[in-house]
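J.: What follows is model_18.csv, made up of CSV, C-alpha atoms and all ligand atoms:
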```
chain,number,residue,atom,x,y,z
Q,27,MET,CA,-6.8,-21.4,-19.3
Q,28,ASN,CA,-3.1,-22.4,-18.9
Q,29,PRO,CA,-2.7,-25.2,-16.3
Q,30,GLU,CA,0.5,-23.5,-15.1
Q,31,VAL,CA,-1.6,-20.6,-14.0
Q,32,TYR,CA,-3.8,-22.9,-11.9
Q,33,LYS,CA,-0.7,-24.4,-10.3
Q,34,GLU,CA,0.8,-21.1,-9.5
Q,35,ILE,CA,-2.4,-19.9,-7.8
Q,36,GLU,CA,-2.7,-23.2,-5.9
Q,37,ARG,CA,0.9,-22.9,-4.7
Q,38,LYS,CA,0.0,-19.4,-3.4
Q,39,TYR,CA,-3.0,-20.7,-1.6
Q,40,VAL,CA,-1.0,-23.4,0.2
Q,41,ILE,CA,1.5,-20.8,1.4
Q,42,LYS,CA,-1.1,-18.3,2.4
Q,43,LYS,CA,-3.0,-20.8,4.4
Q,44,GLN,CA,0.1,-22.0,6.1
Q,45,ILE,CA,1.2,-18.5,7.0
Q,46,CYS,CA,-2.2,-17.7,8.4
Q,47,GLU,CA,-2.3,-20.8,10.6
Q,48,ASN,CA,1.3,-20.3,11.8
Q,49,GLU,CA,0.4,-16.8,12.8
Q,50,ALA,CA,-2.5,-18.2,14.8
Q,51,LYS,CA,-0.2,-20.8,16.5
Q,52,PHE,CA,2.2,-18.0,17.3
Q,53,ARG,CA,-0.5,-15.9,18.9
Q,54,LYS,CA,-1.5,-18.9,21.0
Q,55,ARG,CA,2.1,-19.5,22.2
Q,56,GLN,CA,2.4,-15.8,23.1
Q,57,LEU,CA,-0.8,-16.0,25.1
Q,58,GLU,CA,0.4,-19.1,26.9
Q,59,ASN,CA,3.5,-17.2,28.0
Q,60,GLU,CA,1.5,-14.2,29.0
Q,61,LEU,CA,-1.3,-16.0,30.8
Q,62,PRO,CA,-0.1,-19.1,32.7
Q,63,GLU,CA,-3.7,-19.9,33.6
Q,64,PHE,CA,-4.5,-20.2,29.9
Q,65,ALA,CA,-1.5,-22.4,29.3
Q,66,LYS,CA,-2.8,-24.7,32.1
Q,67,LEU,CA,-6.2,-25.0,30.5
Q,68,GLU,CA,-4.6,-25.8,27.1
Q,69,LYS,CA,-2.5,-28.6,28.7
Q,70,GLU,CA,-5.6,-29.9,30.4
Q,71,LYS,CA,-7.4,-30.1,27.1
Q,72,ASN,CA,-4.6,-32.0,25.5
Q,73,LYS,CA,-4.5,-34.4,28.4
Q,74,VAL,CA,-8.3,-35.1,28.1
Q,75,ALA,CA,-7.9,-35.8,24.4
Q,76,ILE,CA,-5.0,-38.2,25.0
Q,77,ASN,CA,-6.8,-40.1,27.8
Q,78,PHE,CA,-10.0,-40.4,25.9
Q,79,ALA,CA,-8.1,-41.4,22.7
Q,80,ARG,CA,-7.0,-44.6,24.4
Q,81,GLU,CA,-10.5,-45.4,25.6
Q,82,ILE,CA,-12.0,-44.6,22.2
Q,83,LEU,CA,-9.5,-46.8,20.4
Q,84,SER,CA,-10.2,-49.7,22.6
Q,85,GLN,CA,-13.9,-49.6,22.3
Q,86,THR,CA,-16.6,-50.2,19.6
Q,87,GLY,CA,-20.2,-49.4,19.0
Q,88,VAL,CA,-22.3,-47.5,21.5
Q,89,GLU,CA,-19.6,-47.4,24.0
Q,90,LYS,CA,-17.2,-45.8,21.6
Q,91,GLU,CA,-19.9,-43.2,20.8
Q,92,ILE,CA,-20.4,-42.5,24.5
Q,93,ALA,CA,-16.7,-42.1,25.1
Q,94,GLU,CA,-16.5,-39.7,22.2
Q,95,GLU,CA,-19.4,-37.7,23.5
Q,96,ASN,CA,-17.9,-37.5,26.9
Q,97,MET,CA,-14.6,-36.3,25.5
Q,98,LYS,CA,-16.4,-33.6,23.6
Q,99,LEU,CA,-18.3,-32.4,26.6
Q,100,LYS,CA,-15.1,-32.4,28.8
Q,101,ILE,CA,-13.2,-30.4,26.2
Q,102,GLU,CA,-16.0,-27.9,25.7
Q,103,GLU,CA,-16.1,-27.4,29.5
Q,104,ILE,CA,-12.5,-26.5,29.5
Q,105,GLN,CA,-12.8,-24.4,26.4
Q,106,LYS,CA,-15.5,-22.3,28.1
Q,107,LYS,CA,-13.2,-21.6,31.0
Q,108,ALA,CA,-10.5,-20.6,28.5
Q,109,ASP,CA,-12.9,-18.3,26.6
Q,110,LYS,CA,-13.9,-16.6,29.8
Q,111,LEU,CA,-10.3,-16.1,30.8
Q,112,LEU,CA,-9.5,-14.6,27.4
Q,113,LYS,CA,-12.4,-12.2,27.6
Q,114,LYS,CA,-11.5,-11.2,31.1
Q,115,SER,CA,-7.9,-10.4,29.9
Q,116,GLY,CA,-9.3,-8.2,27.1
Q,117,TYR,CA,-8.9,-10.5,24.1
Q,118,ASP,CA,-11.4,-10.9,21.3
Q,119,LYS,CA,-13.3,-14.1,21.0
Q,120,ASP,CA,-11.7,-14.8,17.7
Q,121,TYR,CA,-8.2,-13.8,18.7
Q,122,LEU,CA,-6.8,-17.3,18.4
Q,123,ALA,CA,-8.6,-18.3,15.2
Q,124,PRO,CA,-6.6,-18.1,12.0
Q,125,LYS,CA,-7.5,-14.9,10.1
Q,126,TYR,CA,-8.3,-16.4,6.7
Q,127,GLU,CA,-8.5,-13.9,3.8
Q,128,CYS,CA,-11.5,-15.8,2.5
Q,129,LYS,CA,-13.9,-17.1,5.2
Q,130,LEU,CA,-15.8,-19.2,2.6
Q,131,CYS,CA,-13.0,-21.6,1.8
Q,132,GLU,CA,-10.6,-20.8,4.6
Q,133,ASP,CA,-8.0,-20.1,2.0
Q,134,THR,CA,-8.1,-23.5,0.4
Q,135,GLY,CA,-9.5,-22.1,-2.8
Q,136,ARG,CA,-12.0,-24.9,-2.9
Q,137,MET,CA,-15.5,-25.4,-1.6
Q,138,LEU,CA,-18.1,-28.2,-1.3
Q,139,LEU,CA,-21.1,-27.2,-3.3
Q,140,LYS,CA,-24.1,-29.6,-3.3
Q,141,GLY,CA,-21.7,-32.4,-2.6
Q,142,GLU,CA,-19.3,-31.4,-5.4
Q,143,GLN,CA,-15.8,-30.0,-5.0
Q,144,LYS,CA,-15.8,-26.6,-6.7
Q,145,TYR,CA,-13.3,-23.7,-6.9
Q,146,CYS,CA,-14.2,-21.0,-4.5
Q,147,LYS,CA,-15.2,-17.6,-6.0
Q,148,CYS,CA,-12.0,-16.1,-4.6
Q,149,PHE,CA,-10.0,-18.6,-6.6
Q,150,ILE,CA,-11.9,-18.0,-9.8
Q,151,GLN,CA,-11.4,-14.2,-9.4
Q,152,LYS,CA,-7.7,-14.8,-8.8
Q,153,LEU,CA,-7.6,-16.7,-12.0
Q,154,VAL,CA,-9.0,-13.8,-13.9
Q,155,ASN,CA,-6.7,-11.4,-12.1
Q,156,MET,CA,-3.7,-13.4,-13.0
Q,157,THR,CA,-4.3,-12.7,-16.7
Q,158,TYR,CA,-6.2,-9.5,-16.2
Q,159,LYS,CA,-4.5,-7.4,-13.5
Q,160,GLN,CA,-6.3,-4.3,-14.6
Q,161,TYR,CA,-9.6,-5.2,-13.1
Q,162,ASN,CA,-10.1,-2.8,-10.3
Q,163,ILE,CA,-11.5,-5.0,-7.5
Q,164,LEU,CA,-11.5,-2.2,-5.0
Q,165,LYS,CA,-13.9,-0.3,-7.0
Q,166,ILE,CA,-16.4,-3.0,-7.3
Q,167,GLU,CA,-16.3,-3.4,-3.5
Q,168,GLU,CA,-17.6,0.2,-3.5
Q,169,GLU,CA,-19.9,0.1,-6.6
Q,170,ASN,CA,-22.4,-2.7,-6.3
Q,171,PHE,CA,-26.2,-3.2,-6.0
Q,172,ASN,CA,-25.9,-2.7,-2.2
Q,173,THR,CA,-24.3,0.7,-2.5
Q,174,PHE,CA,-26.4,1.8,-5.4
Q,175,ASP,CA,-28.0,5.2,-4.4
Q,176,ILE,CA,-31.1,6.1,-6.4
Q,177,GLY,CA,-31.0,9.5,-4.7
Q,178,TYR,CA,-28.5,10.8,-7.2
Q,179,TYR,CA,-31.1,10.6,-9.9
Q,180,SER,CA,-33.6,13.4,-10.1
Q,181,ASP,CA,-37.3,12.5,-9.8
Q,182,LYS,CA,-38.3,15.5,-11.9
Q,183,LYS,CA,-39.5,14.9,-15.5
Q,184,ASP,CA,-38.0,17.3,-18.0
Q,185,ASN,CA,-38.7,16.2,-21.6
Q,186,ALA,CA,-36.7,19.0,-23.1
Q,187,LYS,CA,-33.6,18.4,-21.0
Q,188,TYR,CA,-33.5,14.7,-20.8
Q,189,LYS,CA,-35.3,13.8,-24.1
Q,190,SER,CA,-37.3,11.2,-22.3
Q,191,GLU,CA,-40.9,10.8,-21.0
Q,192,ASN,CA,-39.4,9.5,-17.7
Q,193,SER,CA,-37.6,11.2,-14.9
Q,194,PRO,CA,-34.0,10.1,-14.5
Q,195,ARG,CA,-35.0,8.2,-11.4
Q,196,GLU,CA,-37.8,6.2,-13.2
Q,197,ASN,CA,-35.3,5.6,-16.0
Q,198,ILE,CA,-32.5,4.3,-13.8
Q,199,GLU,CA,-35.0,2.1,-11.9
Q,200,LYS,CA,-35.9,0.4,-15.2
Q,201,ILE,CA,-32.3,0.0,-16.1
Q,202,ARG,CA,-31.5,-1.5,-12.7
Q,203,THR,CA,-34.2,-4.1,-13.2
Q,204,ILE,CA,-32.8,-4.9,-16.6
Q,205,ALA,CA,-29.3,-5.3,-15.0
Q,206,GLN,CA,-30.6,-7.5,-12.3
Q,207,LYS,CA,-32.4,-9.7,-14.7
Q,208,PHE,CA,-29.3,-9.9,-16.8
Q,209,CYS,CA,-27.4,-11.3,-13.7
Q,210,ASP,CA,-30.1,-13.8,-13.0
Q,211,ASN,CA,-30.4,-15.0,-16.6
Q,212,ILE,CA,-26.7,-15.1,-17.4
Q,213,HIS,CA,-27.0,-18.7,-18.6
Q,214,ASP,CA,-30.2,-18.1,-20.7
Q,215,LYS,CA,-29.6,-18.2,-24.4
Q,216,ASN,CA,-32.4,-15.7,-24.9
Q,217,GLN,CA,-31.0,-13.2,-22.5
Q,218,LYS,CA,-29.7,-10.3,-24.6
Q,219,ASN,CA,-26.5,-8.4,-24.0
Q,220,LEU,CA,-26.4,-4.9,-22.7
Q,221,LEU,CA,-25.5,-1.6,-24.4
Q,222,PHE,CA,-25.3,1.4,-22.1
Q,223,VAL,CA,-25.4,4.8,-23.8
Q,224,GLY,CA,-25.5,8.2,-22.2
Q,225,ASN,CA,-23.5,11.2,-21.2
Q,226,THR,CA,-20.5,11.2,-18.9
Q,227,GLY,CA,-21.3,10.8,-15.2
Q,228,THR,CA,-24.7,9.2,-15.6
Q,229,GLY,CA,-23.7,5.9,-13.9
Q,230,LYS,CA,-22.8,3.6,-16.8
Q,231,THR,CA,-19.6,2.3,-15.3
Q,232,PHE,CA,-21.2,2.1,-11.9
Q,233,MET,CA,-24.0,-0.1,-13.2
Q,234,SER,CA,-21.4,-2.3,-15.0
Q,235,ASN,CA,-19.6,-2.7,-11.7
Q,236,CYS,CA,-22.8,-3.7,-10.0
Q,237,ILE,CA,-23.2,-6.5,-12.5
Q,238,ALA,CA,-19.6,-7.5,-12.2
Q,239,TYR,CA,-19.7,-7.7,-8.5
Q,240,ASP,CA,-22.9,-9.8,-8.5
Q,241,LEU,CA,-21.6,-12.2,-11.1
Q,242,ILE,CA,-18.1,-12.6,-9.5
Q,243,ASN,CA,-19.9,-13.5,-6.3
Q,244,LYS,CA,-21.8,-16.1,-8.1
Q,245,GLY,CA,-18.5,-17.6,-9.4
Q,246,TYR,CA,-18.5,-16.3,-12.9
Q,247,THR,CA,-15.5,-14.9,-14.6
Q,248,VAL,CA,-15.8,-11.3,-15.5
Q,249,ILE,CA,-13.4,-9.2,-17.4
Q,250,TYR,CA,-13.6,-5.4,-17.4
Q,251,GLN,CA,-11.7,-3.4,-19.9
Q,252,THR,CA,-11.9,0.0,-21.5
Q,253,ALA,CA,-12.2,-0.1,-25.3
Q,254,PRO,CA,-8.8,1.6,-26.0
Q,255,LEU,CA,-6.9,-0.9,-23.8
Q,256,LEU,CA,-8.9,-3.8,-25.2
Q,257,MET,CA,-8.0,-2.8,-28.7
Q,258,ASP,CA,-4.3,-2.5,-27.7
Q,259,ILE,CA,-4.4,-6.0,-26.3
Q,260,ALA,CA,-6.0,-7.3,-29.4
Q,261,MET,CA,-3.6,-5.5,-31.7
Q,262,GLU,CA,-0.6,-6.7,-29.8
Q,263,ALA,CA,-1.8,-10.3,-29.9
Q,264,LYS,CA,-2.8,-10.2,-33.6
Q,265,TYR,CA,0.4,-8.6,-34.9
Q,266,ASN,CA,2.6,-9.8,-32.1
Q,267,TYR,CA,4.7,-6.8,-31.9
Q,268,ASN,CA,6.6,-7.9,-28.8
Q,269,ASN,CA,5.8,-11.7,-28.9
Q,270,ASP,CA,4.3,-11.2,-25.4
Q,271,LEU,CA,3.0,-14.5,-23.9
Q,272,LYS,CA,1.1,-12.7,-21.1
Q,273,ASN,CA,-0.7,-10.6,-23.6
Q,274,LYS,CA,-1.7,-13.7,-25.6
Q,275,GLN,CA,-3.3,-15.1,-22.5
Q,276,LYS,CA,-5.1,-11.8,-21.9
Q,277,TYR,CA,-6.3,-11.9,-25.5
Q,278,ASN,CA,-7.6,-15.4,-25.2
Q,279,ALA,CA,-9.4,-14.5,-21.9
Q,280,ILE,CA,-11.4,-11.8,-23.8
Q,281,PHE,CA,-13.1,-14.7,-25.6
Q,282,GLU,CA,-13.4,-17.1,-22.7
Q,283,ALA,CA,-14.7,-15.0,-19.8
Q,284,ASP,CA,-18.3,-15.5,-19.0
Q,285,VAL,CA,-18.9,-11.8,-19.1
Q,286,LEU,CA,-16.8,-9.1,-20.9
Q,287,ILE,CA,-17.4,-5.5,-20.0
Q,288,ILE,CA,-16.2,-3.1,-22.7
Q,289,ASP,CA,-16.2,0.4,-21.2
Q,290,ASP,CA,-15.9,3.7,-23.0
Q,291,LEU,CA,-16.4,2.5,-26.5
Q,292,GLY,CA,-15.9,5.4,-28.9
Q,293,THR,CA,-12.9,6.8,-27.0
Q,294,GLU,CA,-10.4,4.5,-28.9
Q,295,THR,CA,-8.7,5.5,-32.0
Q,296,LEU,CA,-10.0,3.6,-34.9
Q,297,ASN,CA,-8.5,2.2,-38.0
Q,298,ASN,CA,-9.5,-0.7,-40.2
Q,299,ASN,CA,-7.6,-3.3,-38.3
Q,300,ARG,CA,-9.1,-2.2,-35.0
Q,301,PHE,CA,-12.6,-2.2,-36.5
Q,302,THR,CA,-12.2,-5.7,-37.7
Q,303,GLU,CA,-11.0,-6.8,-34.3
Q,304,LEU,CA,-13.8,-5.1,-32.4
Q,305,PHE,CA,-16.2,-6.8,-34.7
Q,306,ASN,CA,-14.4,-10.1,-34.2
Q,307,ILE,CA,-14.7,-9.8,-30.4
Q,308,ILE,CA,-18.4,-8.9,-30.4
Q,309,ASN,CA,-19.3,-11.5,-33.0
Q,310,THR,CA,-17.3,-14.4,-31.6
Q,311,ARG,CA,-18.8,-13.8,-28.2
Q,312,LEU,CA,-22.3,-13.8,-29.7
Q,313,LEU,CA,-21.6,-17.1,-31.5
Q,314,LYS,CA,-20.3,-18.6,-28.3
Q,315,ASP,CA,-23.3,-17.4,-26.3
Q,316,LYS,CA,-21.2,-15.4,-24.0
Q,317,LYS,CA,-22.5,-12.2,-22.6
Q,318,THR,CA,-21.0,-8.8,-23.2
Q,319,ILE,CA,-21.8,-5.4,-21.8
Q,320,ILE,CA,-20.7,-2.3,-23.7
Q,321,SER,CA,-20.9,1.3,-22.6
Q,322,THR,CA,-20.4,4.4,-24.5
Q,323,ASN,CA,-20.7,8.2,-24.2
Q,324,LEU,CA,-21.8,8.3,-27.8
Q,325,MET,CA,-25.4,8.5,-28.8
Q,326,LEU,CA,-26.8,5.9,-31.1
Q,327,ASN,CA,-26.6,8.1,-34.2
Q,328,GLU,CA,-23.0,8.9,-33.4
Q,329,LEU,CA,-22.2,5.3,-33.0
Q,330,ASN,CA,-23.8,4.7,-36.4
Q,331,GLU,CA,-21.4,7.2,-37.9
Q,332,GLU,CA,-18.3,5.8,-36.1
Q,333,TYR,CA,-18.8,2.1,-36.6
Q,334,ASP,CA,-19.6,0.2,-39.7
Q,335,GLU,CA,-22.8,-1.7,-40.4
Q,336,ARG,CA,-21.4,-5.1,-39.3
Q,337,VAL,CA,-20.8,-3.9,-35.8
Q,338,MET,CA,-24.0,-1.9,-35.6
Q,339,SER,CA,-26.2,-4.7,-36.8
Q,340,ARG,CA,-24.8,-7.0,-34.2
Q,341,LEU,CA,-25.4,-4.4,-31.5
Q,342,ILE,CA,-28.9,-3.5,-32.6
Q,343,GLY,CA,-30.1,-7.1,-32.9
Q,344,ASN,CA,-28.5,-8.6,-29.8
Q,345,TYR,CA,-28.3,-5.9,-27.2
Q,346,ILE,CA,-30.8,-4.3,-25.0
Q,347,ILE,CA,-30.1,-0.6,-25.4
Q,348,CYS,CA,-30.2,1.3,-22.1
Q,349,LYS,CA,-30.2,5.0,-22.3
Q,350,PHE,CA,-28.8,6.6,-19.1
Q,351,ILE,CA,-30.1,10.1,-18.5
Q,352,GLY,CA,-29.7,12.7,-15.7
Q,353,ASP,CA,-27.2,15.2,-14.5
Q,354,ASP,CA,-23.5,14.4,-14.0
Q,355,ILE,CA,-23.3,12.5,-10.7
Q,356,ARG,CA,-19.7,13.4,-10.3
Q,357,PHE,CA,-20.7,17.1,-9.8
Q,358,LYS,CA,-23.5,16.1,-7.4
Q,359,LYS,CA,-21.1,14.1,-5.3
Q,360,LYS,CA,-18.6,16.9,-5.3
Q,361,LYS,CA,-21.1,19.4,-4.2
Q,362,ILE,CA,-22.1,17.2,-1.3
Q,363,ALA,CA,-18.5,16.8,-0.3
Q,364,ASP,CA,-17.7,20.5,-0.4
Y,401,LIG,N1,-26.3,4.6,-8.5
Y,401,LIG,C1,-25.2,5.3,-8.0
Y,401,LIG,N2,-25.1,5.4,-6.6
Y,401,LIG,C2,-24.0,6.1,-6.1
Y,401,LIG,N3,-23.1,6.6,-6.9
Y,401,LIG,C3,-23.2,6.5,-8.2
Y,401,LIG,C4,-24.2,5.9,-8.8
Y,401,LIG,N4,-24.1,5.9,-10.2
Y,401,LIG,C5,-22.9,6.6,-10.4
Y,401,LIG,N5,-22.4,7.0,-9.2
Y,401,LIG,C6,-21.1,7.7,-9.0
Y,401,LIG,O1,-21.2,8.8,-9.9
Y,401,LIG,C7,-19.9,9.0,-10.6
Y,401,LIG,C8,-20.1,8.8,-12.1
Y,401,LIG,O2,-20.6,7.5,-12.4
Y,401,LIG,P1,-19.9,6.6,-13.6
Y,401,LIG,O3,-20.5,5.3,-13.5
Y,401,LIG,O4,-18.5,6.8,-13.6
Y,401,LIG,O5,-20.6,7.4,-14.9
Y,401,LIG,P2,-20.3,7.1,-16.4
Y,401,LIG,O6,-19.6,5.8,-16.5
Y,401,LIG,O7,-21.6,7.1,-17.0
Y,401,LIG,O8,-19.4,8.3,-16.9
Y,401,LIG,C9,-19.0,8.0,-10.0
Y,401,LIG,O9,-18.2,8.6,-8.9
Y,401,LIG,C10,-19.9,6.9,-9.4
Y,401,LIG,O10,-19.3,6.3,-8.3
Y,402,MG,MG,-17.7,5.4,-17.3
Y,403,ZN,ZN,-12.4,-18.5,-1.1
```
How does this structure look as structure tokens?
T.:
Amino acid sequence: MNPEVYKEIERKYVIKKQICENEAKFRKRQLENELPEFAKLEKEKNKVAINFAREILSQTGVEKEIAEENMKLKIEEIQKKADKLLKKSGYDKDYLAPKYECKLCEDTGRMLLKGEQKYCKCFIQKLVNMTYKQYNILKIEEENFNTFDIGYYSDKKDNAKYKSENSPRENIEKIRTIAQKFCDNIHDKNQKNLLFVGNTGTGKTFMSNCIAYDLINKGYTVIYQTAPLLMDIAMEAKYNYNNDLKNKQKYNAIFEADVLIIDDLGTETLNNNRFTELFNIINTRLLKDKKTIISTNLMLNELNEEYDERVMSRLIGNYIICKFIGDDIRFKKKKIAD
């Protein structure tokens, strides 16, 4: 990705962290004004630190360690008094701590992982968002494996209705296992991609979001896009109608992301150029060993009619086909709400 993008995000982190810490300082000053007793304790803490600093600097070895330990104990003692005072005055224990947006990296954007400096997952996701603003992060906070509710799927078998030996619940449990395996084996060359087929409202997008959430939390880059928008981005980049640099970056990201989710395949308008481009995206990602999830409301035979052999043979050979069955969950949810 463009190094300018990294720099821009890093600049934002520095500013964000600073604002956050300044706000914490401001709260402290306010509290010192409001509670003279608290101000006194803070002064006392500073004094202890200054006094011991002299001692610590002038000593070495065990004596230095003892002095350090003594200082720590003394400060902790005063801190306890201050904490008590805050509590008595109705302030939360964390009132004075900076309210970082990301607790993992304290808004530095970096983390130490097994002794190595790594970008925090929040940084990685920002990176994706910079070029891919469309990803609806709010939604994946709501739709993930933790909020997954199997209760929306009927446990009644109905071969005529669902055209399956299994009940919708048994079926979705199998798919959930496949999805979780997909997340665990994302690096494995032998792990196949996923093709979600099934009617509207059977939970295809939900399942894609579960996977996205899981993988983003593990630090992978995930791009979610509906097929029509994906095709627009590709066409714009290819034929360069507006010479749009941002769009070029988006286009490149389609090939670079660890996981690409193409939602609602079959709803885009097709022509020869778009066909070729869809094939190009699917094929290039296969060649690069990057995983893709595709979902569609079309049934396999309908897909066969819509898309040419090249696309279909890539899908059939390299994708696990998951058939979503059941009643439209949107209606079920609405009924419960009414
Ligand atoms: N496992 C689930 N638990 C809770 N809600 C779900 C689940 N699966 C789907 N939903 C909800 O049902 C509705 C339809 O699901 P969606 O994934 O959009 O279906 P599809 O993409 O197949 O059309 C959405 O409101 C979604 O949040
Ligand atoms: Mg959907
Ligand atoms: Zn972070």
J.: Could you check how far atom CA of Q:Ile242 sits from atom CA of Q:Cys209, in Å to one decimal?
T.: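 If I compute the distance from atom CA of Q:Ile242 to atom CA of Q:Cys209, I get 10.3 Å.
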J.: Q:Asn185, Q:Thr293, Q:Asn268, Q:Asn170: which is nearest Q:Thr226, counting all atoms listed in the file?
T.: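 Distance minimum relative to Q:Thr226 lands on Q:Thr293.
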J.: In Å, with one decimal, what is the gap from atom CA of Q:Leu312 to atom CA of Q:Glu335?
T.: 16.2 Å
J.: Hey, which residues sit close to ligand MG 402 (chain Y)? Say within 8 Å, counting all atoms listed in the file, and write them as a list in words.
T.: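 Every residue with an atom at most 8 Å from ligand MG 402 (chain Y) is listed here: Thr226, Gly227, Gly229, Lys230, Thr231, Phe232, Asp289, Asp290, Ser321 and Thr322 of chain Q.
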J.: Throw together the list of residues within 10 Å of ligand LIG 401 (chain Y), counting all atoms listed in the file, and drop it here as a ChimeraX atom specification.
T.: /Q:165-166,168-179,195,198-199,202,222-236,289-290,321-323,350-360
J.: Have a look at atom CA of Q:Ile280 and atom CA of Q:Glu127 and let me know their distance in Å, one decimal.
T.: 27.8 Å
J.: For Q:Asn197, which residue among Q:Ile104, Q:Gln44, Q:Cys348, Q:Glu89 is the nearest when counting all atoms listed in the file?
T.: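 The closest residue to Q:Asn197 is Q:Cys348.
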J.: Could you please extract the residues within 9 Å of ligand ZN 403 (chain Y), counting all atoms listed in the file, and hand them back as a ChimeraX atom specification?
T.: /Q:127-137,145-150
J.: For each of Q:Thr86, Q:Asn298, Q:Thr318, Q:Asn327, take the minimum atom-to-atom distance to Q:Arg340, counting all atoms listed in the file, then give the residue where this is smallest.
T.: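 Of the candidates, the smallest distance to Q:Arg340 is held by Q:Thr318.
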J.: List as a PyMOL selection string: which residues have an atom within 10 Å of (-6.5, -12.5, 9.4), counting all atoms listed in the file?
T.: chain Q and resi 46-47+49-50+121+123-129
J.: Find the residues around Q:Arg311 up to 10 Å (all atoms listed in the file counted), leave out those fewer than 4 positions away in its own chain, and share them as a PyMOL selection string.
T.: chain Q and resi 280-286+305-307+315-318
J.: Determine the nearest neighbour of Q:Lys264 from the options Q:Asn72, Q:Thr247, Q:Asn309, Q:Thr302, counting all atoms listed in the file.
T.: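 Counting all atoms listed in the file, the residue closest to Q:Lys264 is Q:Thr302.
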J.: Would you pick out the contacts of Q:Lys54 at 10 Å or less, using only C-alpha atoms, so that residues sharing its chain but fewer than 3 positions from it are not included, and give the list as a PDB file with C-alpha atoms, keeping the file's coordinate frame?
T.:
```pdb
ATOM      1  CA  ASN Q  48       1.300 -20.300  11.800  1.00  0.00           C
ATOM      2  CA  GLU Q  49       0.400 -16.800  12.800  1.00  0.00           C
ATOM      3  CA  ALA Q  50      -2.500 -18.200  14.800  1.00  0.00           C
ATOM      4  CA  LYS Q  51      -0.200 -20.800  16.500  1.00  0.00           C
ATOM      5  CA  LEU Q  57      -0.800 -16.000  25.100  1.00  0.00           C
ATOM      6  CA  GLU Q  58       0.400 -19.100  26.900  1.00  0.00           C
ATOM      7  CA  ASN Q  59       3.500 -17.200  28.000  1.00  0.00           C
ATOM      8  CA  GLU Q  60       1.500 -14.200  29.000  1.00  0.00           C
ATOM      9  CA  PHE Q  64      -4.500 -20.200  29.900  1.00  0.00           C
ATOM     10  CA  ALA Q  65      -1.500 -22.400  29.300  1.00  0.00           C
ATOM     11  CA  GLU Q  68      -4.600 -25.800  27.100  1.00  0.00           C
ATOM     12  CA  TYR Q 121      -8.200 -13.800  18.700  1.00  0.00           C
ATOM     13  CA  LEU Q 122      -6.800 -17.300  18.400  1.00  0.00           C
ATOM     14  CA  ALA Q 123      -8.600 -18.300  15.200  1.00  0.00           C
TER      15      ALA Q 123
END
```
J.: Can you tell me, as a PyMOL selection string, what residues are no more than 12 Å from Q:Leu291 when counting only C-alpha atoms, ignoring any on the same chain fewer than 4 positions away?
T.: chain Q and resi 221-224+230-231+251-257+287+295-296+301+304+319-326+328-329+332-333
J.: Just add N, CA and C atoms to stretch 197-208 of chain Q and send it as a PDB file, keeping the file's coordinate frame.
T.:
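After the write, result_16.pdb holds the following:
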```pdb
ATOM      1  N   ASN Q 197     -36.167   6.223 -14.948  1.00  0.00           N
ATOM      2  CA  ASN Q 197     -35.300   5.600 -16.000  1.00  0.00           C
ATOM      3  C   ASN Q 197     -34.297   4.663 -15.406  1.00  0.00           C
ATOM      4  N   ILE Q 198     -33.606   5.103 -14.356  1.00  0.00           N
ATOM      5  CA  ILE Q 198     -32.500   4.300 -13.800  1.00  0.00           C
ATOM      6  C   ILE Q 198     -33.117   3.053 -13.089  1.00  0.00           C
ATOM      7  N   GLU Q 199     -34.334   3.220 -12.546  1.00  0.00           N
ATOM      8  CA  GLU Q 199     -35.000   2.100 -11.900  1.00  0.00           C
ATOM      9  C   GLU Q 199     -35.242   0.970 -12.934  1.00  0.00           C
ATOM     10  N   LYS Q 200     -35.664   1.391 -14.107  1.00  0.00           N
ATOM     11  CA  LYS Q 200     -35.900   0.400 -15.200  1.00  0.00           C
ATOM     12  C   LYS Q 200     -34.601  -0.276 -15.567  1.00  0.00           C
ATOM     13  N   ILE Q 201     -33.542   0.537 -15.682  1.00  0.00           N
ATOM     14  CA  ILE Q 201     -32.300   0.000 -16.100  1.00  0.00           C
ATOM     15  C   ILE Q 201     -31.737  -0.996 -15.006  1.00  0.00           C
ATOM     16  N   ARG Q 202     -31.939  -0.607 -13.753  1.00  0.00           N
ATOM     17  CA  ARG Q 202     -31.500  -1.500 -12.700  1.00  0.00           C
ATOM     18  C   ARG Q 202     -32.198  -2.846 -12.738  1.00  0.00           C
ATOM     19  N   THR Q 203     -33.489  -2.803 -13.029  1.00  0.00           N
ATOM     20  CA  THR Q 203     -34.200  -4.100 -13.200  1.00  0.00           C
ATOM     21  C   THR Q 203     -33.673  -4.905 -14.314  1.00  0.00           C
ATOM     22  N   ILE Q 204     -33.384  -4.235 -15.423  1.00  0.00           N
ATOM     23  CA  ILE Q 204     -32.800  -4.900 -16.600  1.00  0.00           C
ATOM     24  C   ILE Q 204     -31.462  -5.568 -16.182  1.00  0.00           C
ATOM     25  N   ALA Q 205     -30.657  -4.802 -15.444  1.00  0.00           N
ATOM     26  CA  ALA Q 205     -29.300  -5.300 -15.000  1.00  0.00           C
ATOM     27  C   ALA Q 205     -29.445  -6.490 -14.115  1.00  0.00           C
ATOM     28  N   GLN Q 206     -30.404  -6.419 -13.192  1.00  0.00           N
ATOM     29  CA  GLN Q 206     -30.600  -7.500 -12.300  1.00  0.00           C
ATOM     30  C   GLN Q 206     -31.066  -8.787 -12.968  1.00  0.00           C
ATOM     31  N   LYS Q 207     -31.944  -8.588 -13.920  1.00  0.00           N
ATOM     32  CA  LYS Q 207     -32.400  -9.700 -14.700  1.00  0.00           C
ATOM     33  C   LYS Q 207     -31.278 -10.341 -15.497  1.00  0.00           C
ATOM     34  N   PHE Q 208     -30.428  -9.473 -16.025  1.00  0.00           N
ATOM     35  CA  PHE Q 208     -29.300  -9.900 -16.800  1.00  0.00           C
ATOM     36  C   PHE Q 208     -28.408 -10.856 -15.893  1.00  0.00           C
TER      37      PHE Q 208
END
```
